[in-house]
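Structure record follows, encoded as structure tokens.
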Amino acid sequence: MEADLSGFNIDAPRWDQCTFLGRVKHFFNITDPRTVLVPERELDWAKVMVEKSRMGVVPPGTQVEQLLYAKKLYDSAFHPDTGEKMNVIGRMSFQVPGGMIITGFMLQFYRTMPAVIFWQWVNQSFNALVNYTNRNAASPTSGRQMAISYITATTTAVATAVGMNMLTKRAPPLVGRWVPFAAVAAANCVNIPMMRQQELIQGICVKDRNNNEIGHSRRAAAVGITQVVISRITMAAPGMILLPVIMERLEKLHFMKKVKVLHAPLQVLLSGCFLIFMVPVACGLFPQKCELSVSYLEPELQDTIKAKYGELIPYIYFNKGL
């Protein structure tokens, strides 16, 4: 028997996005690192199925499970604003394989200055691409702005790492192992706002409950970007804070001293274990579709909304990005 798809809404979330647990389940689904290996033709199939489902013209015999799988692939690989396929490295589903390698090597090679500079540069290059890929695409960013953002964030990360390395030379070894996290946190506070500065300058597109555009708000942009910064730092924190403690103890063991060549691969593997859980948890801290009271917006935008809609629109909504 064919499944009844008459009441199926492919854009309706499978889990309640008003709860933290519901958001975590949602992001566990779409940040699944296995989706990175899905062939391009299968991703294109997923987009076609999602679009057909929206129009109510799915092929006969299509099952709900097929549509849910298509939606999973679509959400993992296509931008929520533009519907365009995102580059593989910039997708949130690539955070585990990409982040585990970079984080593992940052935590392993923190003792020499060239290594610190190189891995901070690699990390910020990766972050810049992720930030650009997951921005709110309604606010275009020029090549010049991206270049300035990239250089500023990379400089901040390297300067923080180098400066703290020099300050902690006489500190306990564990303190030195925490320097990469301090650099990453500082750079995130610069990289994300700089990469998305156009949203802060021109405002982010805000909509009503029915997805109708009603204006642009700089305050909404500031809220969204702040939430993304908090999420990214939270994503990195457990692995970069706890893993050095774990490695500090493991490296004192007799058998670990004999296999120093395996220290770096072990840190990469353990970083991946942390990120598998922390990517969806951090992404789920705040709803991707933010709700904001009209009273919080700029006075001129409040006046425009009240003049056009009266008190019919108490809240506005926008995509904060990831």
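By convention in this document, the chains of the structure tokens carry letters A, B, ... by their order, each chain's residues are numbered from 1, and ligands are numbered from 1 in the order they are shown.
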Give me the residues of region 66-124 of chain A that have any atom at most 12 Å from an atom of region 179-185 of chain A; for each, the nearest atom pair and the distance in Å, rounded to one decimal. Use only C-alpha atoms, sort by chain and number, and format it as CSV.
residue,atom,partner,partner_atom,distance
A:Gly99,CA,A:Val184,CA,11.9
A:Ile102,CA,A:Pro180,CA,10.9
A:Thr103,CA,A:Pro180,CA,8.6
A:Gly104,CA,A:Pro180,CA,10.5
A:Phe105,CA,A:Pro180,CA,10.2
A:Met106,CA,A:Pro180,CA,6.5
A:Leu107,CA,A:Pro180,CA,6.6
A:Gln108,CA,A:Pro180,CA,9.9
A:Phe109,CA,A:Pro180,CA,9.7
A:Tyr110,CA,A:Pro180,CA,7.3
A:Arg111,CA,A:Val179,CA,10.1
A:Ala115,CA,A:Pro180,CA,11.3
A:Val116,CA,A:Pro180,CA,8.1
A:Ile117,CA,A:Pro180,CA,10.5
A:Phe118,CA,A:Pro180,CA,11.9
A:Trp119,CA,A:Pro180,CA,9.3
A:Gln120,CA,A:Val184,CA,7.9
A:Trp121,CA,A:Val184,CA,10.6
A:Val122,CA,A:Val184,CA,11.5
A:Asn123,CA,A:Val184,CA,8.2
A:Gln124,CA,A:Val184,CA,8.2
Using the chain letters and numbers from this document, which residues of region 167-272 of chain A does DSSP assign to strand (DSSP E), as a list in words?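 Everything in region 167-272 of chain A that counts as strand (DSSP E) is Ile204, Cys205, Val206, Lys207, Glu213, Ile214, Gly215, His216 and Ser217 of chain A.
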Go ahead and write the residues just picked, N, CA, C and O atoms, as a short mmCIF file (atom, residue, chain, number, x, y, z; two decimals), in the first residue's frame.
data_model
loop_
_atom_site.label_atom_id
_atom_site.label_comp_id
_atom_site.auth_asym_id
_atom_site.auth_seq_id
_atom_site.Cartn_x
_atom_site.Cartn_y
_atom_site.Cartn_z
N ILE A 204 19.74 42.58 8.97
CA ILE A 204 19.39 41.24 8.51
C ILE A 204 17.90 41.22 8.15
O ILE A 204 17.09 41.92 8.76
N CYS A 205 17.55 40.41 7.17
CA CYS A 205 16.15 40.33 6.73
C CYS A 205 15.29 39.69 7.82
O CYS A 205 15.61 38.60 8.30
N VAL A 206 14.25 40.38 8.24
CA VAL A 206 13.34 39.83 9.25
C VAL A 206 11.96 39.61 8.61
O VAL A 206 11.55 40.35 7.71
N LYS A 207 11.26 38.58 9.09
CA LYS A 207 9.99 38.18 8.48
C LYS A 207 8.93 37.98 9.54
O LYS A 207 9.24 37.87 10.74
N GLU A 213 8.57 38.98 4.19
CA GLU A 213 9.61 39.93 4.58
C GLU A 213 8.98 41.24 5.03
O GLU A 213 8.10 41.79 4.35
N ILE A 214 9.45 41.78 6.16
CA ILE A 214 8.88 43.02 6.67
C ILE A 214 9.95 44.09 6.95
O ILE A 214 9.62 45.16 7.45
N GLY A 215 11.21 43.79 6.65
CA GLY A 215 12.24 44.81 6.82
C GLY A 215 13.61 44.21 7.13
O GLY A 215 13.79 42.99 7.05
N HIS A 216 14.56 45.10 7.46
CA HIS A 216 15.92 44.68 7.83
C HIS A 216 16.29 45.31 9.17
O HIS A 216 15.99 46.49 9.42
N SER A 217 16.92 44.51 10.02
CA SER A 217 17.24 44.98 11.37
C SER A 217 18.69 44.69 11.73
O SER A 217 19.16 43.56 11.62
#
Just the number, please: distance in Å from CA of Ser231 (chain A) to CA of Gly284 (chain A), one decimal. 8.2 Å
Residue nearest Leu243 (chain A) - candidates A:Ala186, A:Val175, A:Met195, A:Leu270, atoms counted: only C-alpha atoms: A:Leu270
Proximity of region 70-147 of chain A to region 43-53 of chain A: per-residue shortest pair, 8 Å limit, only C-alpha atoms, as JSON lines:
{"residue": "A:Ala70", "atom": "CA", "partner": "A:Ala46", "partner_atom": "CA", "distance": 4.3}
{"residue": "A:Lys71", "atom": "CA", "partner": "A:Val50", "partner_atom": "CA", "distance": 6.3}
{"residue": "A:Leu73", "atom": "CA", "partner": "A:Ala46", "partner_atom": "CA", "distance": 6.2}
{"residue": "A:Tyr74", "atom": "CA", "partner": "A:Lys47", "partner_atom": "CA", "distance": 5.8}
{"residue": "A:Ala77", "atom": "CA", "partner": "A:Leu43", "partner_atom": "CA", "distance": 7.4}
Using only C-alpha atoms, can you tell me which of A:Leu250, A:Met92, A:Ile316, A:Leu200 comes closest to Tyr296 (chain A)? A:Ile316
